[in-house]
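Trainee: Contents of entry-v6.cif (mmCIF, C-alpha atoms) are given next:
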```
data_model
loop_
_atom_site.group_PDB
_atom_site.id
_atom_site.type_symbol
_atom_site.label_atom_id
_atom_site.label_comp_id
_atom_site.auth_asym_id
_atom_site.auth_seq_id
_atom_site.Cartn_x
_atom_site.Cartn_y
_atom_site.Cartn_z
ATOM 1 C CA MET R 1 0.000 0.000 0.000
ATOM 2 C CA ALA R 2 2.857 2.392 0.818
ATOM 3 C CA LYS R 3 4.458 1.846 -2.582
ATOM 4 C CA GLU R 4 1.126 2.427 -4.340
ATOM 5 C CA ASN R 5 0.570 5.678 -2.435
ATOM 6 C CA THR R 6 4.090 6.826 -3.338
ATOM 7 C CA SER R 7 3.502 6.160 -7.065
ATOM 8 C CA ILE R 8 0.184 7.991 -6.946
ATOM 9 C CA LYS R 9 1.823 11.006 -5.309
ATOM 10 C CA SER R 10 4.637 11.027 -7.885
ATOM 11 C CA GLN R 11 2.075 11.026 -10.692
ATOM 12 C CA ASP R 12 0.208 13.900 -9.056
ATOM 13 C CA ASN R 13 3.420 15.909 -8.832
ATOM 14 C CA GLU R 14 4.226 15.504 -12.548
ATOM 15 C CA LYS R 15 4.007 18.680 -14.592
ATOM 16 C CA TRP R 16 3.702 18.552 -18.347
ATOM 17 C CA ASP R 17 5.315 21.156 -20.571
ATOM 18 C CA LEU R 18 2.512 20.878 -23.137
ATOM 19 C CA VAL R 19 -1.040 19.601 -22.712
ATOM 20 C CA LEU R 20 -3.036 18.899 -25.865
ATOM 21 C CA GLN R 21 -6.750 19.510 -25.609
ATOM 22 C CA PRO R 22 -9.495 19.260 -28.231
ATOM 23 C CA LYS R 23 -10.785 22.539 -29.622
ATOM 24 C CA SER R 24 -14.213 23.349 -28.263
ATOM 25 C CA LYS R 25 -14.661 26.925 -29.487
ATOM 26 C CA LEU R 26 -15.807 28.069 -32.886
ATOM 27 C CA LEU R 27 -12.639 30.146 -33.264
ATOM 28 C CA ASP R 28 -9.769 28.845 -31.156
ATOM 29 C CA LEU R 29 -6.529 30.330 -32.530
ATOM 30 C CA LYS R 30 -4.202 29.713 -29.548
ATOM 31 C CA ILE R 31 -1.952 32.653 -30.316
ATOM 32 C CA ARG R 32 0.616 31.683 -27.680
ATOM 33 C CA GLU R 33 0.988 28.275 -29.264
ATOM 34 C CA LEU R 34 1.544 29.848 -32.679
ATOM 35 C CA ILE R 35 4.247 32.081 -31.227
ATOM 36 C CA ARG R 36 5.898 29.050 -29.622
ATOM 37 C CA TYR R 37 6.066 27.352 -33.031
ATOM 38 C CA ARG R 38 7.468 30.376 -34.898
ATOM 39 C CA ASP R 39 10.630 28.428 -35.749
ATOM 40 C CA LEU R 40 8.458 25.875 -37.502
ATOM 41 C CA VAL R 41 6.998 28.639 -39.669
ATOM 42 C CA LEU R 42 10.529 29.541 -40.788
ATOM 43 C CA LEU R 43 11.263 25.887 -41.559
ATOM 44 C CA PHE R 44 8.116 25.632 -43.693
ATOM 45 C CA ILE R 45 9.093 28.780 -45.595
ATOM 46 C CA LYS R 46 12.550 27.354 -46.268
ATOM 47 C CA ARG R 47 11.038 23.994 -47.265
ATOM 48 C CA ASP R 48 8.651 25.525 -49.793
ATOM 49 C CA PHE R 49 11.357 27.740 -51.260
ATOM 50 C CA THR R 50 13.832 24.873 -51.610
ATOM 51 C CA THR R 51 11.269 22.440 -53.004
ATOM 52 C CA ALA R 52 10.028 24.865 -55.654
ATOM 53 C CA TYR R 53 13.440 25.741 -57.133
ATOM 54 C CA LYS R 54 15.843 23.032 -56.009
ATOM 55 C CA GLN R 55 16.300 21.417 -59.439
ATOM 56 C CA THR R 56 15.783 24.395 -61.736
ATOM 57 C CA ILE R 57 18.219 26.248 -63.965
ATOM 58 C CA LEU R 58 17.216 29.815 -63.147
ATOM 59 C CA GLY R 59 16.084 29.193 -59.575
ATOM 60 C CA PRO R 60 14.619 32.286 -57.866
ATOM 61 C CA LEU R 61 15.096 34.254 -61.097
ATOM 62 C CA TRP R 62 11.812 32.692 -62.179
ATOM 63 C CA TYR R 63 10.151 35.151 -59.801
ATOM 64 C CA ILE R 64 11.290 37.896 -62.177
ATOM 65 C CA VAL R 65 11.139 36.052 -65.506
ATOM 66 C CA GLN R 66 7.470 35.054 -65.184
ATOM 67 C CA PRO R 67 6.034 38.564 -64.644
ATOM 68 C CA LEU R 68 8.384 39.996 -67.265
ATOM 69 C CA VAL R 69 7.187 37.519 -69.887
ATOM 70 C CA SER R 70 3.565 38.239 -68.953
ATOM 71 C CA THR R 71 4.258 41.983 -69.153
ATOM 72 C CA VAL R 72 5.703 41.676 -72.655
ATOM 73 C CA MET R 73 2.738 39.580 -73.767
ATOM 74 C CA TYR R 74 0.188 42.004 -72.300
ATOM 75 C CA THR R 75 2.000 44.947 -73.879
ATOM 76 C CA PHE R 76 1.788 43.342 -77.301
ATOM 77 C CA ILE R 77 -1.818 42.109 -77.042
ATOM 78 C CA PHE R 78 -3.621 44.728 -74.957
ATOM 79 C CA GLY R 79 -1.338 47.705 -75.522
ATOM 80 C CA ASN R 80 -0.417 47.432 -79.198
ATOM 81 C CA LEU R 81 -3.128 45.284 -80.786
ATOM 82 C CA ALA R 82 -6.178 46.157 -78.678
ATOM 83 C CA GLU R 83 -4.854 49.679 -77.945
ATOM 84 C CA ILE R 84 -6.311 49.729 -74.433
ATOM 85 C CA GLY R 85 -5.186 52.804 -72.523
ATOM 86 C CA THR R 86 -3.138 52.766 -69.321
ATOM 87 C CA ASP R 87 -3.972 56.266 -68.004
ATOM 88 C CA GLY R 88 -0.676 57.499 -69.405
ATOM 89 C CA VAL R 89 1.445 55.058 -67.401
ATOM 90 C CA PRO R 90 4.259 53.335 -69.377
ATOM 91 C CA TYR R 91 3.232 49.846 -70.447
ATOM 92 C CA LEU R 92 6.078 48.149 -68.599
ATOM 93 C CA LEU R 93 5.203 49.717 -65.249
ATOM 94 C CA PHE R 94 1.467 49.284 -65.685
ATOM 95 C CA TYR R 95 1.394 45.612 -66.638
ATOM 96 C CA PHE R 96 4.260 44.534 -64.398
ATOM 97 C CA ALA R 97 2.597 45.979 -61.294
ATOM 98 C CA GLY R 98 -0.751 44.358 -62.079
ATOM 99 C CA THR R 99 0.856 41.003 -62.792
ATOM 100 C CA MET R 100 2.958 41.215 -59.615
ATOM 101 C CA LEU R 101 -0.026 41.883 -57.346
ATOM 102 C CA TRP R 102 -2.246 39.307 -59.039
ATOM 103 C CA THR R 103 0.456 36.642 -58.807
ATOM 104 C CA TYR R 104 0.832 37.337 -55.093
ATOM 105 C CA PHE R 105 -2.920 37.072 -54.548
ATOM 106 C CA THR R 106 -3.425 33.864 -56.541
ATOM 107 C CA GLY R 107 -0.302 32.252 -55.088
ATOM 108 C CA THR R 108 -1.494 32.899 -51.543
ATOM 109 C CA LEU R 109 -5.000 31.704 -52.375
ATOM 110 C CA ASN R 110 -3.853 28.488 -54.070
ATOM 111 C CA SER R 111 -1.445 27.613 -51.255
ATOM 112 C CA ALA R 112 -4.090 28.157 -48.572
ATOM 113 C CA SER R 113 -6.744 26.233 -50.509
ATOM 114 C CA SER R 114 -4.562 23.104 -50.744
ATOM 115 C CA VAL R 115 -3.092 23.231 -47.243
ATOM 116 C CA PHE R 116 -4.839 20.039 -46.062
ATOM 117 C CA THR R 117 -4.403 17.927 -49.190
ATOM 118 C CA SER R 118 -0.769 18.958 -49.693
ATOM 119 C CA ASN R 119 0.239 18.294 -46.085
ATOM 120 C CA SER R 120 -2.036 15.372 -45.220
ATOM 121 C CA GLY R 121 0.901 13.013 -44.653
ATOM 122 C CA LEU R 122 2.572 15.415 -42.262
ATOM 123 C CA PHE R 123 -0.642 16.328 -40.441
ATOM 124 C CA GLY R 124 -1.455 12.679 -39.814
ATOM 125 C CA LYS R 125 1.897 11.882 -38.175
ATOM 126 C CA ILE R 126 2.664 14.619 -35.680
ATOM 127 C CA TYR R 127 0.931 17.414 -33.826
ATOM 128 C CA PHE R 128 1.687 21.074 -34.406
ATOM 129 C CA PRO R 129 -0.585 24.103 -34.888
ATOM 130 C CA ARG R 130 -2.040 23.603 -38.355
ATOM 131 C CA LEU R 131 -2.409 27.344 -38.820
ATOM 132 C CA THR R 132 1.380 27.616 -39.088
ATOM 133 C CA VAL R 133 1.165 26.212 -42.629
ATOM 134 C CA PRO R 134 -1.061 28.911 -44.222
ATOM 135 C CA ILE R 135 0.916 31.523 -42.289
ATOM 136 C CA SER R 136 4.190 30.219 -43.711
ATOM 137 C CA THR R 137 2.872 30.042 -47.273
ATOM 138 C CA THR R 138 1.535 33.596 -47.062
ATOM 139 C CA VAL R 139 4.861 34.904 -45.765
ATOM 140 C CA GLY R 140 6.676 32.887 -48.429
ATOM 141 C CA HIS R 141 4.666 34.590 -51.160
ATOM 142 C CA ILE R 142 5.476 37.967 -49.596
ATOM 143 C CA ILE R 143 9.169 37.148 -50.116
ATOM 144 C CA LYS R 144 8.470 36.394 -53.783
ATOM 145 C CA LEU R 145 6.544 39.643 -54.042
ATOM 146 C CA GLY R 146 9.510 41.485 -52.526
ATOM 147 C CA ILE R 147 11.849 40.140 -55.218
ATOM 148 C CA GLN R 148 9.452 41.198 -57.966
ATOM 149 C CA PHE R 149 8.931 44.593 -56.361
ATOM 150 C CA ALA R 150 12.687 45.168 -56.306
ATOM 151 C CA CYS R 151 12.734 44.488 -60.048
ATOM 152 C CA LEU R 152 9.831 46.907 -60.538
ATOM 153 C CA LEU R 153 11.729 49.602 -58.627
ATOM 154 C CA VAL R 154 14.584 49.374 -61.142
ATOM 155 C CA PHE R 155 12.221 50.165 -64.019
ATOM 156 C CA TYR R 156 10.414 52.710 -61.856
ATOM 157 C CA ILE R 157 13.573 54.702 -61.136
ATOM 158 C CA TYR R 158 14.510 54.582 -64.828
ATOM 159 C CA TYR R 159 11.190 56.110 -65.891
ATOM 160 C CA LEU R 160 11.502 58.753 -63.178
ATOM 161 C CA ILE R 161 14.927 59.725 -64.525
ATOM 162 C CA VAL R 162 13.762 59.967 -68.161
ATOM 163 C CA GLY R 163 10.796 62.101 -67.082
ATOM 164 C CA ALA R 164 7.922 59.721 -67.838
ATOM 165 C CA ASN R 165 4.381 60.444 -66.671
ATOM 166 C CA VAL R 166 4.930 58.945 -63.214
ATOM 167 C CA ASN R 167 3.938 60.938 -60.130
ATOM 168 C CA PRO R 168 4.424 59.082 -56.828
ATOM 169 C CA SER R 169 2.689 60.248 -53.670
ATOM 170 C CA TRP R 170 3.463 59.891 -49.983
ATOM 171 C CA TRP R 171 0.916 57.070 -49.885
ATOM 172 C CA ILE R 172 3.604 54.729 -51.205
ATOM 173 C CA LEU R 173 4.726 54.470 -47.575
ATOM 174 C CA ALA R 174 1.479 52.587 -46.932
ATOM 175 C CA PHE R 175 2.446 49.863 -49.410
ATOM 176 C CA PRO R 176 3.107 47.311 -46.599
ATOM 177 C CA LEU R 177 -0.534 47.736 -45.537
ATOM 178 C CA LEU R 178 -1.579 46.979 -49.103
ATOM 179 C CA ILE R 179 0.476 43.779 -48.984
ATOM 180 C CA ILE R 180 -1.211 42.725 -45.739
ATOM 181 C CA TRP R 181 -4.601 43.553 -47.234
ATOM 182 C CA ILE R 182 -4.086 41.347 -50.298
ATOM 183 C CA GLY R 183 -2.437 38.603 -48.230
ATOM 184 C CA LEU R 184 -5.369 38.391 -45.796
ATOM 185 C CA LEU R 185 -7.814 38.349 -48.699
ATOM 186 C CA GLY R 186 -6.040 35.539 -50.545
ATOM 187 C CA CYS R 187 -5.418 33.511 -47.404
ATOM 188 C CA GLY R 188 -9.005 33.967 -46.205
ATOM 189 C CA ILE R 189 -10.584 32.850 -49.473
ATOM 190 C CA GLY R 190 -8.081 30.004 -49.693
ATOM 191 C CA MET R 191 -8.965 28.683 -46.235
ATOM 192 C CA VAL R 192 -12.665 28.786 -47.110
ATOM 193 C CA ILE R 193 -11.994 26.776 -50.255
ATOM 194 C CA SER R 194 -9.734 24.340 -48.367
ATOM 195 C CA ALA R 195 -12.725 23.232 -46.293
ATOM 196 C CA LEU R 196 -14.479 22.226 -49.528
ATOM 197 C CA THR R 197 -11.604 20.749 -51.525
ATOM 198 C CA THR R 198 -10.733 18.394 -48.665
ATOM 199 C CA LYS R 199 -13.855 16.399 -49.522
ATOM 200 C CA TYR R 200 -14.285 17.317 -53.172
ATOM 201 C CA ARG R 201 -10.920 17.235 -54.954
ATOM 202 C CA ASP R 202 -12.305 18.167 -58.370
ATOM 203 C CA LEU R 203 -13.100 21.650 -57.077
ATOM 204 C CA ASN R 204 -9.392 22.423 -57.530
ATOM 205 C CA GLN R 205 -9.934 22.313 -61.287
ATOM 206 C CA LEU R 206 -12.824 24.731 -60.952
ATOM 207 C CA LEU R 207 -10.637 27.010 -58.835
ATOM 208 C CA SER R 208 -7.943 27.249 -61.512
ATOM 209 C CA PHE R 209 -10.553 28.028 -64.159
ATOM 210 C CA GLY R 210 -12.285 30.551 -61.927
ATOM 211 C CA LEU R 211 -9.064 32.441 -61.172
ATOM 212 C CA SER R 212 -8.276 32.662 -64.879
ATOM 213 C CA LEU R 213 -11.633 34.334 -65.474
ATOM 214 C CA ALA R 214 -11.378 36.492 -62.353
ATOM 215 C CA MET R 215 -8.178 38.090 -63.633
ATOM 216 C CA TYR R 216 -10.094 39.684 -66.505
ATOM 217 C CA ALA R 217 -12.698 40.944 -64.035
ATOM 218 C CA THR R 218 -9.868 42.715 -62.188
ATOM 219 C CA PRO R 219 -8.086 45.838 -63.504
ATOM 220 C CA ILE R 220 -4.850 43.987 -64.237
ATOM 221 C CA VAL R 221 -4.467 44.577 -67.980
ATOM 222 C CA TYR R 222 -6.608 47.707 -68.068
ATOM 223 C CA PRO R 223 -7.390 50.560 -65.647
ATOM 224 C CA LEU R 224 -10.795 51.119 -64.078
ATOM 225 C CA SER R 225 -11.230 54.166 -66.291
ATOM 226 C CA GLU R 226 -11.348 51.866 -69.349
ATOM 227 C CA ALA R 227 -13.996 49.549 -67.847
ATOM 228 C CA PRO R 228 -17.567 49.822 -69.166
ATOM 229 C CA ALA R 229 -19.850 51.828 -66.889
ATOM 230 C CA ASN R 230 -22.599 49.198 -67.041
ATOM 231 C CA LEU R 231 -20.180 46.628 -65.560
ATOM 232 C CA ALA R 232 -19.116 48.750 -62.592
ATOM 233 C CA TRP R 233 -20.895 46.357 -60.211
ATOM 234 C CA VAL R 234 -18.445 43.602 -61.219
ATOM 235 C CA PHE R 235 -15.513 45.598 -59.851
ATOM 236 C CA TYR R 236 -17.403 46.473 -56.692
ATOM 237 C CA ILE R 237 -17.976 42.812 -55.818
ATOM 238 C CA ASN R 238 -14.402 41.923 -56.813
ATOM 239 C CA PRO R 239 -12.321 42.698 -53.686
ATOM 240 C CA MET R 240 -9.060 42.755 -55.664
ATOM 241 C CA SER R 241 -10.078 45.731 -57.801
ATOM 242 C CA ALA R 242 -9.514 48.369 -55.122
ATOM 243 C CA PRO R 243 -5.987 47.392 -53.963
ATOM 244 C CA VAL R 244 -4.684 47.002 -57.531
ATOM 245 C CA GLU R 245 -6.009 50.402 -58.557
ATOM 246 C CA LEU R 246 -4.760 52.004 -55.324
ATOM 247 C CA PHE R 247 -1.238 50.790 -56.070
ATOM 248 C CA ARG R 248 -1.261 52.655 -59.379
ATOM 249 C CA ILE R 249 -2.667 55.781 -57.776
ATOM 250 C CA TRP R 250 -0.017 55.789 -55.053
ATOM 251 C CA PHE R 251 2.988 54.928 -57.217
ATOM 252 C CA TYR R 252 2.062 56.359 -60.618
ATOM 253 C CA GLY R 253 -0.407 59.125 -59.781
ATOM 254 C CA ALA R 254 -2.822 57.696 -62.348
ATOM 255 C CA GLY R 255 -6.274 56.180 -62.101
ATOM 256 C CA SER R 256 -9.095 56.533 -59.620
ATOM 257 C CA VAL R 257 -11.067 54.273 -57.331
ATOM 258 C CA PRO R 258 -14.382 55.126 -55.630
ATOM 259 C CA THR R 259 -14.242 55.310 -51.838
ATOM 260 C CA PRO R 260 -17.203 52.895 -51.420
ATOM 261 C CA MET R 261 -15.267 50.309 -53.441
ATOM 262 C CA ILE R 262 -12.338 50.565 -51.012
ATOM 263 C CA PHE R 263 -14.491 50.069 -47.927
ATOM 264 C CA LEU R 264 -16.442 47.253 -49.563
ATOM 265 C CA SER R 265 -13.202 45.474 -50.430
ATOM 266 C CA LEU R 266 -11.890 45.903 -46.876
ATOM 267 C CA GLY R 267 -15.163 44.572 -45.484
ATOM 268 C CA MET R 268 -15.122 41.546 -47.784
ATOM 269 C CA THR R 269 -11.503 40.879 -46.815
ATOM 270 C CA ALA R 270 -12.430 40.872 -43.113
ATOM 271 C CA VAL R 271 -15.433 38.587 -43.723
ATOM 272 C CA PHE R 272 -13.503 36.102 -45.863
ATOM 273 C CA PHE R 273 -10.623 35.961 -43.399
ATOM 274 C CA PHE R 274 -12.919 35.483 -40.398
ATOM 275 C CA PHE R 275 -14.939 32.692 -42.001
ATOM 276 C CA GLY R 276 -11.729 31.202 -43.347
ATOM 277 C CA LEU R 277 -10.354 30.928 -39.815
ATOM 278 C CA VAL R 278 -13.628 29.454 -38.533
ATOM 279 C CA LEU R 279 -13.824 26.818 -41.270
ATOM 280 C CA PHE R 280 -10.117 26.038 -40.984
ATOM 281 C CA ASN R 281 -10.465 25.606 -37.218
ATOM 282 C CA ARG R 282 -13.415 23.281 -37.724
ATOM 283 C CA ASN R 283 -11.972 21.327 -40.622
ATOM 284 C CA GLU R 284 -8.605 20.528 -39.018
ATOM 285 C CA ARG R 285 -10.341 18.320 -36.426
ATOM 286 C CA THR R 286 -11.852 15.903 -38.951
ATOM 287 C CA PHE R 287 -9.863 16.215 -42.182
ATOM 288 C CA VAL R 288 -7.669 13.159 -41.423
ATOM 289 C CA ASP R 289 -10.740 10.906 -41.619
ATOM 290 C CA VAL R 290 -11.650 12.370 -45.004
ATOM 291 C CA VAL R 291 -8.239 12.714 -46.669
#
```
Render the structure in this file as C-alpha cells.
Mentor:
Amino acid sequence: MAKENTSIKSQDNEKWDLVLQPKSKLLDLKIRELIRYRDLVLLFIKRDFTTAYKQTILGPLWYIVQPLVSTVMYTFIFGNLAEIGTDGVPYLLFYFAGTMLWTYFTGTLNSASSVFTSNSGLFGKIYFPRLTVPISTTVGHIIKLGIQFACLLVFYIYYLIVGANVNPSWWILAFPLLIIWIGLLGCGIGMVISALTTKYRDLNQLLSFGLSLAMYATPIVYPLSEAPANLAWVFYINPMSAPVELFRIWFYGAGSVPTPMIFLSLGMTAVFFFFGLVLFNRNERTFVDVV
C-alpha cells in the first residue's frame, strides 16, 4: 500500500510542458501556441522555397522572368493590338505591377486552398498548430513579391529619370498595408476553399478556371477608367479591384477608385478571413478521416 501511495503522489506531482486539448470553441486560434512554433513557420518557408526551385536552372530568377514575360505579352496584345489605354502610365510599369499583385494574390490563395491535401501526410503523423502552414505560405509569397517589387523599382527609377508620366505620392509608404490587405484576402478565401476541396478534390480544377476568369474581371491589364460603366458592379464585388487600382494611384499618380469600393473590399476581406479561420479551425479536427 505504501508503494502504491508513493507512485500515486509522484504522478500527481508531474508537470507537463505541453497539454493537448481538443478545440471546443468556434474560433480557437491559440496565439501563444503559434508564437511558440514560430521556428516551424521559418522551416516551412525554407522547405517551400527549396522544393520549388531546387532542381531548376534559373532558380529564384523565375520570380522575375514570369512577370516579365507576362508583361511583354500584355504589352503586345492589350497595348499594341487592342490599344487599351493605361492612363498614361508606361506599359512596362502598368502591366508589371498588375501582374505582380495578381500573382501574389493567386499564389497565396492556391497555397491556402490546398493546405490540407498537400500536407495530409505530415498532419497525420505529428501534432503542431495547423495554422502555421497557411501563415508560412503567405509569408513565403510575400518574399516572392519582394523580389518582384525590387525588379519593378529598377524600371520605376529609370522612368523617373527619363521624365515619364509617373507621379508618386506619400501614400507609397502605406504599401506594406496593401500587402497585408491582399495577403489576408487571398489567405481567407483560400482557407474557405480548403474546407471544400478536402472532400471534393475536383473543385481544384474549378478554382484554376475561376481564377483565370477572375483576372479579366480585375483591372490587371486595363485601368478602371477603361472599364464599361454598365459593368461597374463587377468591380465592386471583386475585392481585388480596389488594392490594384490604389497601387497605381499611389505609385504612378494615375487612375481613380471610388471610396465605397475601397471600404467594400476591406469589409469583404475581413469577412472572408474570419470565415476562413472558422472553417479552418473546424476542418482541421476531422480532415484526417476524409483525406
Trainee: Select, from R:Phe175, R:Tyr63, R:Tyr127, R:Tyr159, the residue with the minimum atom-to-atom distance to His141 (chain R), counting only C-alpha atoms.
Mentor: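 Ranking R:Phe175, R:Tyr63, R:Tyr127, R:Tyr159 by distance to His141 (chain R), first place goes to R:Tyr63.
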Trainee: Give as a ChimeraX atom specification every residue, naming chains and numbers as the document does, that has an atom within 6 Å of (-10.7, 45.4, -61.2), counting only C-alpha atoms.
Mentor: /R:217-219,235,241
Trainee: Kindly save the residues from that selection, with C-alpha atoms included, as a compact mmCIF listing (two decimals), keeping the file's coordinate frame.
Mentor:
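Output (selection.txt):
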```
# COMPACT_ATOMS: atom_id res chain seq x y z
CA ALA R 217 -12.70 40.94 -64.04
CA THR R 218 -9.87 42.72 -62.19
CA PRO R 219 -8.09 45.84 -63.50
CA PHE R 235 -15.51 45.60 -59.85
CA SER R 241 -10.08 45.73 -57.80
```
Trainee: Once you count only C-alpha atoms, what closest atom pair and distance in Å to one decimal does each residue of region 171-269 of chain R within 8 Å of region 80-90 of chain R have, with rows by chain and rising residue number, as a tab-separated table?
Mentor:
```
residue	atom	partner	partner_atom	distance
R:Tyr222	CA	R:Thr86	CA	6.3
R:Pro223	CA	R:Thr86	CA	6.0
R:Ser225	CA	R:Asp87	CA	7.7
R:Glu226	CA	R:Gly85	CA	7.0
R:Tyr252	CA	R:Val89	CA	6.9
R:Ala254	CA	R:Asp87	CA	5.9
R:Gly255	CA	R:Asp87	CA	6.3
```
Trainee: If the box runs along x, y and z of the file and leaves 8 Å on each side of region 259-278 of chain R, what are its centre and edge lengths in Å, one decimal, as JSON?
Mentor:
```
{"center_x": -13.8, "center_y": 42.4, "center_z": -46.0, "size_x": 22.8, "size_y": 41.9, "size_z": 30.9}
```
Trainee: I would like the residues chosen by the PyMOL selection byres ((chain R and resi 166) around 12) on the shown file; could you give them as a compact mmCIF listing (two decimals) with C-alpha atoms, keeping the file's coordinate frame?
Mentor:
```txt
# COMPACT_ATOMS: atom_id res chain seq x y z
CA THR R 86 -3.14 52.77 -69.32
CA ASP R 87 -3.97 56.27 -68.00
CA GLY R 88 -0.68 57.50 -69.40
CA VAL R 89 1.44 55.06 -67.40
CA PRO R 90 4.26 53.34 -69.38
CA TYR R 91 3.23 49.85 -70.45
CA LEU R 93 5.20 49.72 -65.25
CA PHE R 94 1.47 49.28 -65.68
CA PHE R 155 12.22 50.16 -64.02
CA TYR R 156 10.41 52.71 -61.86
CA ILE R 157 13.57 54.70 -61.14
CA TYR R 158 14.51 54.58 -64.83
CA TYR R 159 11.19 56.11 -65.89
CA LEU R 160 11.50 58.75 -63.18
CA ILE R 161 14.93 59.72 -64.53
CA VAL R 162 13.76 59.97 -68.16
CA GLY R 163 10.80 62.10 -67.08
CA ALA R 164 7.92 59.72 -67.84
CA ASN R 165 4.38 60.44 -66.67
CA ASN R 167 3.94 60.94 -60.13
CA PRO R 168 4.42 59.08 -56.83
CA SER R 169 2.69 60.25 -53.67
CA ARG R 248 -1.26 52.66 -59.38
CA ILE R 249 -2.67 55.78 -57.78
CA TRP R 250 -0.02 55.79 -55.05
CA PHE R 251 2.99 54.93 -57.22
CA TYR R 252 2.06 56.36 -60.62
CA GLY R 253 -0.41 59.12 -59.78
CA ALA R 254 -2.82 57.70 -62.35
CA GLY R 255 -6.27 56.18 -62.10
```
Trainee: At most 12 Å is the cut-off: for each residue in region 46-118 of chain R with any atom that close to an atom of region 177-182 of chain R, write down the nearest atom pair and the distance in Å rounded to one decimal, counting only C-alpha atoms, chain first then increasing number, as a tab-separated table.
Mentor:
```
residue	atom	partner	partner_atom	distance
R:Met100	CA	R:Ile179	CA	11.2
R:Leu101	CA	R:Ile182	CA	8.2
R:Trp102	CA	R:Ile182	CA	9.2
R:Thr103	CA	R:Ile182	CA	10.7
R:Tyr104	CA	R:Ile182	CA	8.0
R:Phe105	CA	R:Ile182	CA	6.1
R:Thr106	CA	R:Ile182	CA	9.8
R:Gly107	CA	R:Ile182	CA	11.0
R:Thr108	CA	R:Ile182	CA	8.9
R:Leu109	CA	R:Ile182	CA	9.9
```
Trainee: Tell me which residues the PyMOL selection byres ((chain R and resi 43) around 12) grabs here, as a compact mmCIF listing (two decimals) with C-alpha atoms, in the frame of the given file.
Mentor:
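Ended up saving to expr31.txt:
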```txt
# COMPACT_ATOMS: atom_id res chain seq x y z
CA TYR R 37 6.07 27.35 -33.03
CA ARG R 38 7.47 30.38 -34.90
CA ASP R 39 10.63 28.43 -35.75
CA LEU R 40 8.46 25.88 -37.50
CA VAL R 41 7.00 28.64 -39.67
CA LEU R 42 10.53 29.54 -40.79
CA PHE R 44 8.12 25.63 -43.69
CA ILE R 45 9.09 28.78 -45.60
CA LYS R 46 12.55 27.35 -46.27
CA ARG R 47 11.04 23.99 -47.26
CA ASP R 48 8.65 25.52 -49.79
CA PHE R 49 11.36 27.74 -51.26
CA THR R 50 13.83 24.87 -51.61
CA THR R 51 11.27 22.44 -53.00
CA THR R 132 1.38 27.62 -39.09
CA VAL R 133 1.16 26.21 -42.63
CA ILE R 135 0.92 31.52 -42.29
CA SER R 136 4.19 30.22 -43.71
CA THR R 137 2.87 30.04 -47.27
CA VAL R 139 4.86 34.90 -45.76
CA GLY R 140 6.68 32.89 -48.43
```
Trainee: To one decimal place in Å, what is the distance between CA of Asn119 (chain R) and CA of Phe274 (chain R)?
Mentor: 22.4 Å
Trainee: Here is a test: counting only C-alpha atoms, which residue of R:Val69, R:Phe96, R:Leu207, R:Phe273 is nearest to Pro134 (chain R)?
Mentor: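 Among R:Val69, R:Phe96, R:Leu207, R:Phe273, it is R:Phe273 that comes nearest to Pro134 (chain R).
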Trainee: CA of Ile64 (chain R) and CA of Ile220 (chain R) are how many Å apart?
Mentor: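 Value for the CA of Ile64 (chain R)-CA of Ile220 (chain R) distance: 17.4 Å.
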Trainee: May I ask for the distance between CA of Met240 (chain R) and CA of Ala214 (chain R), given in Å to one decimal place?
Mentor: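 So the answer is 9.5 Å.
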Trainee: Tell me which residues come within 9 Å of (-15.3, 51.0, -57.1), as a list of chain:residue names, counting all atoms listed in the file in the file's coordinates.
Mentor: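 Applying the cut-off with all atoms listed in the file, one gets R:Leu224, R:Ala232, R:Trp233, R:Phe235, R:Tyr236, R:Ile237, R:Ser241, R:Ala242, R:Ser256, R:Val257, R:Pro258, R:Thr259, R:Pro260, R:Met261, R:Ile262, R:Leu264, R:Ser265.
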Trainee: Contacts of Gly190 (chain R) at 6 Å or less, counting only C-alpha atoms, minus same-chain residues fewer than 2 places along, as a list in words?
Mentor: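 Final neighbour list, sorted by chain and number: Leu109, Ala112, Ser113, Gly186, Cys187, Gly188, Val192 and Ile193 of chain R.
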